[in-house]
$ cat my_file08.csv   # CSV, C-alpha atoms
chain,number,residue,atom,x,y,z
E,1,MET,CA,37.6,9.9,49.8
E,2,LEU,CA,36.2,6.5,50.8
E,3,THR,CA,37.1,5.1,54.3
E,4,ARG,CA,37.6,1.4,55.0
E,5,ARG,CA,34.1,1.3,56.3
E,6,GLY,CA,32.8,3.0,53.1
E,7,LEU,CA,34.8,0.6,50.9
E,8,GLY,CA,33.3,-2.3,52.8
E,9,LEU,CA,29.7,-1.0,52.3
E,10,ALA,CA,30.4,-0.5,48.6
E,11,ALA,CA,31.7,-4.0,48.3
E,12,VAL,CA,28.5,-5.4,50.0
E,13,ALA,CA,26.3,-3.3,47.7
E,14,THR,CA,28.2,-4.5,44.7
E,15,GLY,CA,27.9,-8.1,45.8
E,16,ALA,CA,24.2,-7.7,46.3
E,17,LEU,CA,23.8,-6.3,42.8
E,18,ALA,CA,25.9,-9.1,41.4
E,19,VAL,CA,23.6,-11.8,42.7
E,20,ARG,CA,20.4,-10.1,41.8
E,21,PRO,CA,18.9,-11.8,38.7
E,22,ALA,CA,18.5,-9.7,35.5
E,23,TRP,CA,15.0,-8.5,34.7
E,24,SER,CA,13.3,-11.0,32.5
E,25,GLN,CA,13.5,-10.1,28.8
E,26,THR,CA,12.8,-11.8,25.5
E,27,PRO,CA,14.0,-11.2,22.0
E,28,LEU,CA,11.8,-9.1,19.7
E,29,SER,CA,9.7,-11.1,17.2
E,30,ALA,CA,10.1,-10.5,13.5
E,31,GLU,CA,6.8,-8.6,13.6
E,32,GLN,CA,8.0,-6.4,16.5
E,33,GLN,CA,11.2,-5.7,14.6
E,34,PHE,CA,9.1,-4.5,11.7
E,35,MET,CA,6.7,-2.4,13.7
E,36,VAL,CA,9.1,-1.0,16.4
E,37,GLU,CA,12.4,-0.8,14.6
E,38,GLY,CA,11.3,-0.4,11.0
E,39,ARG,CA,13.2,-3.5,9.9
E,40,TYR,CA,11.6,-5.2,6.9
E,41,LEU,CA,13.9,-8.2,6.3
E,42,PRO,CA,13.2,-10.3,9.4
E,43,GLN,CA,9.5,-10.7,8.8
E,44,TYR,CA,10.0,-11.1,5.0
E,45,LEU,CA,12.5,-14.0,5.6
E,46,GLU,CA,10.3,-15.5,8.3
E,47,LEU,CA,7.2,-15.4,6.0
E,48,LYS,CA,9.2,-16.9,3.1
E,49,ALA,CA,10.4,-19.8,5.4
E,50,GLN,CA,6.8,-20.4,6.6
E,51,ALA,CA,5.4,-20.4,3.1
E,52,ALA,CA,8.2,-22.8,1.9
E,53,ALA,CA,7.2,-25.1,4.8
E,54,GLY,CA,3.6,-25.2,3.6
E,55,ARG,CA,2.0,-23.1,6.4
E,56,PRO,CA,-1.4,-22.3,4.8
E,57,ALA,CA,-1.8,-18.7,6.1
E,58,ALA,CA,1.8,-17.6,5.3
E,59,GLY,CA,1.3,-17.4,1.5
E,60,GLY,CA,-1.3,-14.6,1.6
E,61,PHE,CA,0.6,-12.6,4.2
E,62,LEU,CA,3.9,-13.1,2.2
E,63,ALA,CA,2.3,-11.8,-1.0
E,64,GLN,CA,1.2,-8.6,0.6
E,65,TYR,CA,4.4,-8.1,2.5
E,66,ALA,CA,6.6,-8.9,-0.4
E,67,ALA,CA,5.0,-5.9,-2.2
E,68,PHE,CA,6.4,-3.7,0.5
E,69,LEU,CA,9.9,-4.8,-0.5
E,70,GLY,CA,9.4,-4.5,-4.3
E,71,ASP,CA,9.6,-8.3,-4.7
E,72,GLU,CA,6.9,-8.5,-7.4
E,73,THR,CA,7.9,-12.1,-8.3
E,74,THR,CA,6.7,-13.2,-4.9
E,75,ALA,CA,4.0,-10.7,-4.4
E,76,ILE,CA,2.3,-11.2,-7.8
E,77,GLY,CA,3.7,-14.4,-9.1
E,78,GLY,CA,3.5,-16.5,-6.0
E,79,ASP,CA,0.3,-18.3,-6.9
E,80,GLU,CA,0.1,-17.7,-10.6
E,81,LYS,CA,-1.1,-20.5,-12.9
E,82,ASP,CA,-0.9,-20.7,-16.7
E,83,ARG,CA,-4.2,-20.4,-18.6
E,84,PRO,CA,-5.4,-23.5,-20.3
E,85,ALA,CA,-4.1,-23.6,-23.8
E,86,ASP,CA,-7.6,-23.8,-25.1
E,87,ALA,CA,-9.0,-21.0,-22.9
E,88,GLU,CA,-11.3,-18.7,-24.9
E,89,LEU,CA,-10.6,-14.9,-24.5
E,90,PRO,CA,-13.5,-12.4,-24.3
E,91,ASP,CA,-14.4,-10.9,-27.7
E,92,LEU,CA,-13.4,-7.2,-27.5
E,93,SER,CA,-13.9,-6.4,-31.2
E,94,ASP,CA,-16.5,-3.8,-30.3
E,95,ALA,CA,-14.8,-2.5,-27.2
E,96,GLU,CA,-13.3,1.0,-26.8
E,97,SER,CA,-10.4,2.2,-24.7
E,98,ARG,CA,-9.3,5.6,-23.4
E,99,ASP,CA,-6.3,6.9,-21.4
E,100,ALA,CA,-7.2,6.1,-17.8
E,101,LEU,CA,-6.1,9.3,-16.1
E,102,SER,CA,-7.9,11.5,-18.7
E,103,ALA,CA,-11.1,9.5,-18.4
E,104,ILE,CA,-11.0,9.6,-14.6
E,105,VAL,CA,-10.4,13.4,-14.5
E,106,GLU,CA,-13.2,14.0,-17.0
E,107,ALA,CA,-15.7,11.7,-15.1
E,108,ALA,CA,-14.7,13.2,-11.7
E,109,THR,CA,-15.3,16.9,-12.7
E,110,ASP,CA,-18.8,16.9,-11.3
E,111,ARG,CA,-18.4,14.2,-8.6
E,112,GLN,CA,-17.9,14.7,-4.9
E,113,ILE,CA,-16.4,11.3,-4.1
E,114,VAL,CA,-14.0,9.1,-6.2
E,115,ILE,CA,-13.5,5.6,-5.0
E,116,LEU,CA,-10.5,3.6,-6.4
E,117,ASN,CA,-9.7,0.1,-5.3
E,118,GLU,CA,-6.5,-1.9,-5.2
E,119,ALA,CA,-5.2,-5.4,-4.7
E,120,HIS,CA,-3.2,-5.5,-1.5
E,121,ASN,CA,-0.3,-7.4,-3.1
E,122,ILE,CA,0.3,-5.0,-6.0
E,123,SER,CA,2.3,-2.0,-5.2
E,124,GLY,CA,1.8,-0.7,-8.8
E,125,HIS,CA,-1.9,-0.1,-7.9
E,126,ARG,CA,-0.6,2.4,-5.2
E,127,GLY,CA,1.6,4.0,-7.8
E,128,PHE,CA,-1.5,4.6,-10.0
E,129,ALA,CA,-3.5,5.8,-7.0
E,130,THR,CA,-0.8,8.4,-6.5
E,131,ARG,CA,-1.2,9.7,-10.0
E,132,VAL,CA,-5.0,9.7,-9.6
E,133,MET,CA,-4.8,11.6,-6.3
E,134,ARG,CA,-2.4,14.1,-8.0
E,135,ALA,CA,-4.8,14.6,-11.0
E,136,LEU,CA,-7.8,15.2,-8.8
E,137,SER,CA,-6.2,18.0,-6.8
E,138,PRO,CA,-6.7,20.7,-9.4
E,139,LEU,CA,-10.4,19.7,-9.5
E,140,GLY,CA,-10.8,20.7,-5.8
E,141,PHE,CA,-10.5,17.3,-4.2
E,142,ASP,CA,-9.3,18.1,-0.7
E,143,THR,CA,-9.6,14.9,1.4
E,144,PHE,CA,-7.7,11.6,1.1
E,145,ALA,CA,-9.5,8.7,2.9
E,146,ALA,CA,-8.1,5.2,2.9
E,147,GLU,CA,-9.1,1.8,4.1
E,148,THR,CA,-5.7,1.3,5.6
E,149,PHE,CA,-5.8,4.4,7.8
E,150,LEU,CA,-6.4,3.2,11.4
E,151,GLN,CA,-9.0,4.8,13.6
E,152,PRO,CA,-7.3,5.8,16.8
E,153,GLN,CA,-8.5,3.8,19.8
E,154,GLN,CA,-7.6,6.5,22.2
E,155,GLU,CA,-7.5,10.3,21.9
E,156,ALA,CA,-3.7,10.5,22.4
E,157,ALA,CA,-2.9,7.7,20.0
E,158,PRO,CA,-1.1,8.5,16.7
E,159,SER,CA,-3.7,9.5,14.0
E,160,ILE,CA,-3.5,10.1,10.3
E,161,ARG,CA,-6.0,12.9,10.9
E,162,ARG,CA,-3.2,15.0,12.5
E,163,TYR,CA,-0.6,14.2,9.8
E,164,ARG,CA,0.8,17.3,8.0
E,165,ARG,CA,3.4,18.0,5.4
E,166,GLY,CA,6.9,17.2,6.7
E,167,ASP,CA,5.8,15.2,9.7
E,168,PRO,CA,7.5,11.8,10.3
E,169,LEU,CA,5.3,9.2,8.7
E,170,HIS,CA,4.9,6.0,10.7
E,171,SER,CA,3.4,2.6,9.9
E,172,SER,CA,1.2,3.0,13.0
E,173,PHE,CA,-1.0,5.2,10.8
E,174,GLY,CA,-1.9,2.1,8.8
E,175,TYR,CA,-0.4,-1.2,7.8
E,176,TYR,CA,-0.1,-0.7,4.1
E,177,ILE,CA,1.6,2.6,4.5
E,178,ALA,CA,4.8,0.6,5.2
E,179,ASP,CA,4.9,0.1,1.4
E,180,PRO,CA,7.2,3.1,0.4
E,181,VAL,CA,5.0,3.6,-2.7
E,182,TYR,CA,1.9,4.1,-0.4
E,183,ALA,CA,3.9,6.2,2.0
E,184,GLU,CA,5.0,8.5,-0.9
E,185,ALA,CA,1.3,8.9,-1.9
E,186,VAL,CA,0.5,10.1,1.6
E,187,ARG,CA,3.4,12.5,1.7
E,188,GLU,CA,2.6,13.9,-1.7
E,189,ALA,CA,-1.1,14.3,-0.7
E,190,ALA,CA,0.0,16.4,2.3
E,191,GLU,CA,2.2,18.5,0.0
E,192,LEU,CA,-0.8,19.1,-2.2
E,193,GLY,CA,-3.0,20.2,0.7
E,194,TYR,CA,-5.1,17.2,1.3
E,195,THR,CA,-6.4,16.4,4.7
E,196,PHE,CA,-6.7,12.7,5.8
E,197,ALA,CA,-9.6,10.7,6.9
E,198,ASP,CA,-9.9,7.2,8.5
E,199,TYR,CA,-13.1,5.2,8.1
E,200,GLU,CA,-12.2,1.6,8.8
E,201,TRP,CA,-14.4,-0.1,11.4
E,202,ARG,CA,-13.4,0.0,15.0
E,203,TRP,CA,-13.3,-2.9,17.5
E,204,ASP,CA,-16.5,-1.8,19.1
E,205,GLN,CA,-18.3,-2.0,15.7
E,206,ARG,CA,-17.5,-5.6,15.1
E,207,PRO,CA,-20.2,-8.3,15.4
E,208,PRO,CA,-19.8,-11.4,17.7
E,209,ALA,CA,-17.3,-14.0,16.7
E,210,THR,CA,-20.2,-16.3,16.0
E,211,ALA,CA,-21.4,-14.1,13.1
E,212,SER,CA,-21.4,-15.6,9.7
E,213,GLY,CA,-19.1,-14.4,6.9
E,214,ASP,CA,-21.9,-12.5,5.2
E,215,GLU,CA,-22.8,-10.9,8.6
E,216,GLN,CA,-19.2,-9.9,9.1
E,217,ILE,CA,-19.1,-8.3,5.6
E,218,ALA,CA,-22.4,-6.4,6.2
E,219,ALA,CA,-21.2,-5.1,9.6
E,220,ARG,CA,-17.9,-3.9,8.2
E,221,GLU,CA,-19.3,-2.2,5.1
E,222,ALA,CA,-22.0,-0.4,7.1
E,223,ALA,CA,-19.5,0.7,9.7
E,224,GLN,CA,-17.1,2.0,7.0
E,225,ALA,CA,-19.8,4.0,5.3
E,226,GLY,CA,-21.1,5.5,8.6
E,227,ASN,CA,-17.6,6.3,9.7
E,228,LEU,CA,-16.8,8.3,6.6
E,229,VAL,CA,-19.9,10.3,7.1
E,230,GLU,CA,-19.0,11.0,10.7
E,231,THR,CA,-15.3,11.8,10.2
E,232,VAL,CA,-15.7,13.9,7.0
E,233,LEU,CA,-19.1,14.7,5.7
E,234,LYS,CA,-20.9,15.6,8.9
E,235,GLY,CA,-18.4,18.4,9.6
E,236,ARG,CA,-17.6,19.3,6.0
E,237,PRO,CA,-20.6,18.4,3.8
E,238,ASP,CA,-19.0,19.9,0.7
E,239,ALA,CA,-15.7,18.0,1.1
E,240,ARG,CA,-14.5,16.3,-2.1
E,241,ILE,CA,-13.0,13.0,-1.2
E,242,PHE,CA,-10.6,10.6,-2.9
E,243,VAL,CA,-11.0,7.1,-1.3
E,244,LEU,CA,-8.5,4.2,-1.8
E,245,CYS,CA,-9.9,0.9,-0.7
E,246,GLY,CA,-9.4,-2.8,-1.4
E,247,TYR,CA,-11.2,-5.1,-3.9
E,248,SER,CA,-15.0,-5.3,-3.6
E,249,HIS,CA,-15.4,-2.3,-1.3
E,250,ALA,CA,-15.6,-0.2,-4.5
E,251,MET,CA,-18.7,-1.9,-5.9
E,252,GLU,CA,-21.6,0.5,-6.0
E,253,LEU,CA,-24.2,-2.2,-6.8
E,254,GLU,CA,-24.9,-5.4,-4.9
E,255,GLY,CA,-22.5,-8.2,-5.9
E,256,ARG,CA,-20.9,-11.3,-4.5
E,257,GLY,CA,-20.9,-10.9,-0.7
E,258,GLY,CA,-23.8,-8.4,-0.7
E,259,LEU,CA,-23.8,-4.6,-0.4
E,260,TRP,CA,-20.2,-3.2,-0.1
E,261,PHE,CA,-18.9,0.1,1.1
E,262,ALA,CA,-19.5,2.2,-2.0
E,263,ALA,CA,-23.1,1.0,-2.4
E,264,ARG,CA,-23.8,1.7,1.3
E,265,LEU,CA,-22.2,5.1,1.2
E,266,LYS,CA,-24.3,6.0,-1.8
E,267,ALA,CA,-27.5,4.9,-0.1
E,268,LEU,CA,-26.6,6.6,3.1
E,269,THR,CA,-25.6,10.0,1.6
E,270,GLY,CA,-27.4,10.2,-1.7
E,271,ILE,CA,-24.0,11.0,-3.3
E,272,ASP,CA,-23.3,9.0,-6.4
E,273,PRO,CA,-19.5,8.2,-6.2
E,274,LEU,CA,-17.3,7.6,-9.2
E,275,THR,CA,-16.2,4.0,-8.7
E,276,ILE,CA,-13.1,2.6,-10.3
E,277,GLU,CA,-11.9,-1.0,-10.4
E,278,GLN,CA,-8.3,-2.0,-11.0
E,279,SER,CA,-7.8,-4.8,-8.5
E,280,TRP,CA,-8.2,-7.7,-10.9
E,281,ASN,CA,-6.7,-6.1,-14.0
E,282,TRP,CA,-3.0,-6.2,-13.4
E,283,PRO,CA,-0.8,-8.2,-15.8
E,284,ALA,CA,0.7,-11.4,-14.4
E,285,THR,CA,4.4,-11.8,-14.2
E,286,ARG,CA,4.2,-14.0,-17.3
E,287,PRO,CA,1.9,-13.4,-20.3
E,288,GLN,CA,0.7,-17.0,-20.3
E,289,ALA,CA,-0.6,-16.5,-16.7
E,290,ASP,CA,-2.7,-13.5,-17.5
E,291,ALA,CA,-6.4,-13.8,-16.6
E,292,PRO,CA,-8.5,-14.2,-19.8
E,293,HIS,CA,-10.1,-10.7,-19.5
E,294,VAL,CA,-6.6,-9.2,-19.0
E,295,ALA,CA,-5.1,-11.1,-21.8
E,296,ALA,CA,-7.9,-10.0,-24.1
E,297,VAL,CA,-7.4,-6.3,-23.3
E,298,LEU,CA,-3.6,-6.5,-23.7
E,299,LYS,CA,-4.0,-8.4,-27.0
E,300,ARG,CA,-6.7,-6.0,-28.4
E,301,PHE,CA,-5.2,-2.6,-27.4
E,302,GLN,CA,-1.5,-3.3,-26.6
E,303,PRO,CA,-1.5,-0.3,-24.1
E,304,THR,CA,1.7,1.5,-23.1
E,305,ALA,CA,-0.1,3.4,-20.3
E,306,PRO,CA,-3.1,2.6,-18.1
E,307,ILE,CA,-6.4,2.5,-20.0
E,308,VAL,CA,-10.1,2.2,-19.3
E,309,VAL,CA,-12.1,-0.2,-21.4
E,310,SER,CA,-15.8,-0.3,-22.1
E,311,ARG,CA,-18.3,-2.2,-24.3
E,312,ASN,CA,-21.6,-0.6,-25.1
E,313,GLY,CA,-21.1,2.1,-22.5
E,314,ILE,CA,-20.4,-0.4,-19.7
E,315,ALA,CA,-17.0,-0.8,-18.1
E,316,PHE,CA,-15.4,-4.0,-19.1
E,317,ALA,CA,-14.1,-5.9,-16.1
E,318,ASN,CA,-14.0,-9.3,-14.7
E,319,SER,CA,-17.3,-10.9,-14.0
E,320,ASP,CA,-17.5,-9.8,-10.4
E,321,PHE,CA,-17.2,-6.1,-11.2
E,322,GLU,CA,-18.7,-5.7,-14.7
E,323,GLY,CA,-21.8,-3.5,-14.4
E,324,ARG,CA,-21.0,-2.7,-10.8
E,325,VAL,CA,-18.4,0.1,-11.2
E,326,ASP,CA,-18.2,3.2,-13.4
E,327,LEU,CA,-14.7,2.6,-14.8
E,328,SER,CA,-12.3,-0.3,-15.1
E,329,VAL,CA,-8.6,0.4,-15.4
E,330,PHE,CA,-6.2,-2.0,-17.1
E,331,HIS,CA,-2.4,-1.7,-16.8
E,332,PRO,CA,0.2,-2.3,-19.5
E,333,ARG,CA,2.9,-4.9,-19.2
E,334,LEU,CA,6.0,-2.7,-19.0
E,335,GLU,CA,9.7,-3.6,-19.2
E,336,ARG,CA,11.9,-2.9,-16.2
E,337,VAL,CA,13.9,0.3,-16.3
E,338,ALA,CA,17.4,0.1,-14.7
E,339,GLY,CA,16.3,-3.0,-12.8
E,340,ARG,CA,13.2,-1.2,-11.4
E,341,PRO,CA,9.5,-1.7,-12.3
E,342,GLY,CA,8.4,0.1,-15.4
E,343,TRP,CA,5.3,1.4,-13.8
E,344,LEU,CA,7.4,3.2,-11.1
E,345,ALA,CA,9.7,4.7,-13.8
E,346,ALA,CA,6.7,5.9,-15.7
E,347,ASP,CA,5.7,8.3,-12.9
E,348,PRO,CA,6.6,11.7,-14.3
E,349,LEU,CA,7.5,13.1,-10.8
E,350,ARG,CA,10.0,10.4,-10.1
E,351,LYS,CA,13.6,10.6,-11.3
E,352,ALA,CA,16.0,7.7,-11.8
E,353,VAL,CA,19.0,8.2,-9.6
E,354,GLU,CA,21.9,5.7,-9.7
E,355,VAL,CA,23.9,5.3,-6.5
E,356,SER,CA,26.9,3.4,-5.4
E,357,ILE,CA,26.3,0.7,-2.8
E,358,PRO,CA,28.7,-0.3,0.0
E,359,ALA,CA,29.8,-3.9,0.3
E,360,PHE,CA,27.3,-6.1,2.1
E,361,GLU,CA,26.7,-9.8,2.9
E,362,GLY,CA,23.5,-11.8,2.6
E,363,PRO,CA,20.0,-10.3,1.8
E,364,ALA,CA,19.9,-6.5,1.9
E,365,LEU,CA,17.6,-3.6,1.1
E,366,LEU,CA,18.9,-0.4,-0.4
E,367,GLN,CA,16.8,2.4,1.1
E,368,ALA,CA,16.4,6.2,0.5
E,369,LEU,CA,14.7,8.2,3.3
E,370,HIS,CA,13.5,11.7,3.5
E,371,MET,CA,16.2,13.8,5.3
E,372,GLN,CA,13.7,15.9,7.3
E,373,GLU,CA,11.7,12.9,8.6
E,374,GLY,CA,14.5,10.9,10.2
E,375,MET,CA,14.7,7.1,10.2
E,376,VAL,CA,11.1,6.1,9.4
E,377,ILE,CA,9.4,4.7,6.3
E,378,PRO,CA,11.7,4.9,3.2
E,379,ALA,CA,10.7,6.9,0.1
E,380,ASP,CA,12.0,4.1,-2.0
E,381,HIS,CA,13.8,0.8,-1.4
E,382,PHE,CA,14.4,-2.6,-3.1
E,383,LEU,CA,16.1,-5.9,-2.6
E,384,LEU,CA,19.7,-6.1,-3.8
E,385,GLU,CA,21.3,-8.9,-5.7
E,386,ALA,CA,24.4,-10.6,-4.2
E,387,GLY,CA,27.5,-8.4,-4.8
E,388,GLN,CA,25.5,-5.5,-6.4
E,389,ALA,CA,27.6,-2.4,-6.4
E,390,ARG,CA,25.2,0.1,-8.0
E,391,GLY,CA,21.5,0.6,-7.9
E,392,THR,CA,18.8,2.9,-9.2
E,393,MET,CA,16.4,4.7,-6.9
E,394,MET,CA,13.2,6.3,-8.2
E,395,LEU,CA,12.8,9.5,-6.2
E,396,ARG,CA,10.7,12.6,-6.2
E,397,PRO,CA,12.5,16.0,-5.7
E,398,GLY,CA,14.0,16.3,-2.2
E,399,ALA,CA,16.9,15.6,0.1
E,400,TYR,CA,17.5,11.9,1.1
E,401,VAL,CA,19.8,9.8,3.2
E,402,LEU,CA,20.9,6.4,1.9
E,403,ARG,CA,21.3,3.3,4.0
E,404,LEU,CA,21.3,-0.5,3.9
E,405,GLU,CA,19.2,-2.9,5.9
E,406,THR,CA,20.8,-6.3,6.2
E,407,THR,CA,20.2,-9.3,8.4
E,408,ARG,CA,22.3,-7.7,11.1
E,409,GLY,CA,19.9,-4.8,11.3
E,410,ILE,CA,19.8,-1.3,9.9
E,411,GLU,CA,23.3,-0.1,9.0
E,412,PRO,CA,24.4,3.5,9.6
E,413,ALA,CA,23.5,5.9,6.7
E,414,PHE,CA,26.3,5.9,4.2
E,415,GLY,CA,25.4,8.9,1.9
E,416,GLU,CA,23.2,11.9,1.2
E,417,ILE,CA,21.7,12.9,-2.2
E,418,VAL,CA,19.6,15.8,-3.4
E,419,VAL,CA,17.2,15.2,-6.3
$ encode --input "my_file08.csv" --output "structure tokens"
Amino acid sequence: MLTRRGLGLAAVATGALAVRPAWSQTPLSAEQQFMVEGRYLPQYLELKAQAAAGRPAAGGFLAQYAAFLGDETTAIGGDEKDRPADAELPDLSDAESRDALSAIVEAATDRQIVILNEAHNISGHRGFATRVMRALSPLGFDTFAAETFLQPQQEAAPSIRRYRRGDPLHSSFGYYIADPVYAEAVREAAELGYTFADYEWRWDQRPPATASGDEQIAAREAAQAGNLVETVLKGRPDARIFVLCGYSHAMELEGRGGLWFAARLKALTGIDPLTIEQSWNWPATRPQADAPHVAAVLKRFQPTAPIVVSRNGIAFANSDFEGRVDLSVFHPRLERVAGRPGWLAADPLRKAVEVSIPAFEGPALLQALHMQEGMVIPADHFLLEAGQARGTMMLRPGAYVLRLETTRGIEPAFGEIVV
């Protein structure tokens, strides 16, 4: 029981606390909300506003980030321009095509390393990479290396090298993993028994800020090739490696910008990798905006699944890649299925699951997350239209929780489904 003296001391203490200023604090930025809280909408809306205001750097970031949310109109179509009406298409009368997955599996049978590239604003490239990774597993490929995987700067830092099946998957492992399609590729690779390797250059491998653009490229490519040797081949010289990289890194002969990762890895190890280009071969959001080489392929072959195209035994690609890669993959223009991308619905391991959606206001994402992982990167999500009451998720077998992300934040999970 407090005495009068005790009550007086308590009052003094309470008064002292009342006049003490609160510890300085600032709101989280949109980027911090994404990295720390796993919220996608704040940065998406901020980048859209910046791009609309004409900020030069915002457009490129927005295109890559919009792919994470399934907004292909922004990701792919943001800077599209129609071809000139008189543009001449390449003559493909003597060209040949094959099913892409079959051609890759056949060519990879006696290869130790397969290198596939992507455009960082096209989630469909990651969907295809998933199918390639899946098809390579029965051939004995056991290591998944990716440009996006971050090398840990400290021993205790999160590392993709320690990721195993069922572990929570965090975007701290690599920026592009925040795309649910990329995240599912990593999860499935773990289920298939792949181990993971990071090979991107570290801060201590970067040249001075005064280095020229060509010097920057050379330093990065040399570091990447050396890092893959150190992290994988030095300890496991017989490892069979699937590599997912961006754009020109897949060139195994010198091209614009010099010698890239694949060429340097080949020279460093003596291993001839199977190199595959797809980064410049995706259909535009509108046929009239297709690049001439893409328009020519779609007109000549009218594919309904990814194909590889060659002329006189040389992979047909855009001018930067032709003659510098082994295979060049072209993707079909597919109709949407239940409001979702046709390429996603074409994955035979994904099932279309229609779900009811609670009422919401403003921009919102419908998300499905793996039950055993907790609230981390979704297995699938997409932007909702105003008033949308039902939506179709594309999910692999498993147990999932459903939730909404709105401008208020991440809403409590509203349902569970088992596929």
$ closest_residue --input "my_file08.csv" --among "E:Arg162, E:Pro180, E:Arg333, E:Ala53" --to "E:Pro303" --atoms "only C-alpha atoms"
E:Arg333
$ closest_atom_pairs --input "my_file08.csv" --of "stretch 172-251 of chain E" --to "stretch 376-382 of chain E" --cutoff "10 Å" --atoms "all atoms listed in the file" --output "CSV"
residue,atom,partner,partner_atom,distance
E:Ile177,CA,E:Ile377,CA,8.3
E:Ala178,CA,E:Ile377,CA,6.3
E:Asp179,CA,E:Ile377,CA,8.1
E:Pro180,CA,E:Ala379,CA,5.2
E:Val181,CA,E:Asp380,CA,7.1
E:Tyr182,CA,E:Ala379,CA,9.2
E:Ala183,CA,E:Ala379,CA,7.1
E:Glu184,CA,E:Ala379,CA,6.0
E:Ala185,CA,E:Ala379,CA,9.8
E:Arg187,CA,E:Ala379,CA,9.3
$ atom_distance --input "my_file08.csv" --atom1 "atom CA of E:Pro412" --atom2 "atom CA of E:Glu37"
13.7 Å
$ residues_around --input "my_file08.csv" --residues "E:Thr407" --least-positions-apart "5" --cutoff "12 Å" --atoms "only C-alpha atoms" --output "list of chain:residue names"
E:Ala30, E:Gln33, E:Arg39, E:Tyr40, E:Leu41, E:Pro42, E:Gln43, E:Tyr44, E:Leu45, E:Glu46, E:Phe360, E:Glu361, E:Gly362, E:Pro363, E:Ala364, E:Leu365
$ residues_around --input "my_file08.csv" --residues "E:Gln151" --least-positions-apart "4" --cutoff "7 Å" --atoms "only C-alpha atoms" --output "number ranges by chain"
E: 198-200, 202
$ atom_distance --input "my_file08.csv" --atom1 "atom CA of E:Met35" --atom2 "atom CA of E:Asp347"
28.7 Å
$ residues_around --input "my_file08.csv" --residues "E:Ala315" --least-positions-apart "4" --cutoff "10 Å" --atoms "only C-alpha atoms" --output "CSV table (one decimal) with C-alpha atoms, in the coordinates of the input"
chain,number,residue,atom,x,y,z
E,95,ALA,CA,-14.8,-2.5,-27.2
E,96,GLU,CA,-13.3,1.0,-26.8
E,97,SER,CA,-10.4,2.2,-24.7
E,276,ILE,CA,-13.1,2.6,-10.3
E,277,GLU,CA,-11.9,-1.0,-10.4
E,308,VAL,CA,-10.1,2.2,-19.3
E,309,VAL,CA,-12.1,-0.2,-21.4
E,310,SER,CA,-15.8,-0.3,-22.1
E,311,ARG,CA,-18.3,-2.2,-24.3
E,321,PHE,CA,-17.2,-6.1,-11.2
E,322,GLU,CA,-18.7,-5.7,-14.7
E,323,GLY,CA,-21.8,-3.5,-14.4
E,324,ARG,CA,-21.0,-2.7,-10.8
E,325,VAL,CA,-18.4,0.1,-11.2
E,326,ASP,CA,-18.2,3.2,-13.4
E,327,LEU,CA,-14.7,2.6,-14.8
E,328,SER,CA,-12.3,-0.3,-15.1
E,329,VAL,CA,-8.6,0.4,-15.4
$ residues_around --input "my_file08.csv" --residues "E:Thr304" --least-positions-apart "5" --cutoff "9 Å" --atoms "only C-alpha atoms" --output "list in words"
His331, Pro332, Arg333 and Leu334 of chain E
$ decode --input "my_file08.csv" --residues "stretch 195-216 of chain E" --atoms "C-alpha atoms" --output "short mmCIF file (atom, residue, chain, number, x, y, z; two decimals), in the first residue's frame"
data_model
loop_
_atom_site.label_atom_id
_atom_site.label_comp_id
_atom_site.auth_asym_id
_atom_site.auth_seq_id
_atom_site.Cartn_x
_atom_site.Cartn_y
_atom_site.Cartn_z
CA THR E 195 21.65 -25.84 -53.63
CA PHE E 196 22.08 -22.12 -54.20
CA ALA E 197 25.07 -20.01 -55.17
CA ASP E 198 25.64 -16.25 -55.21
CA TYR E 199 28.24 -14.82 -57.57
CA GLU E 200 27.47 -11.11 -57.94
CA TRP E 201 30.39 -8.78 -57.33
CA ARG E 202 31.01 -7.50 -53.83
CA TRP E 203 31.67 -3.91 -52.76
CA ASP E 204 35.36 -4.66 -52.37
CA GLN E 205 35.53 -5.82 -56.00
CA ARG E 206 34.28 -2.58 -57.48
CA PRO E 207 36.63 -0.16 -59.25
CA PRO E 208 36.98 3.51 -58.25
CA ALA E 209 34.07 5.80 -59.04
CA THR E 210 36.27 7.46 -61.68
CA ALA E 211 36.36 4.24 -63.76
CA SER E 212 34.80 4.44 -67.21
CA GLY E 213 31.68 2.53 -68.16
CA ASP E 214 33.69 -0.11 -70.00
CA GLU E 215 36.00 -0.47 -67.00
CA GLN E 216 33.00 -0.91 -64.73
#
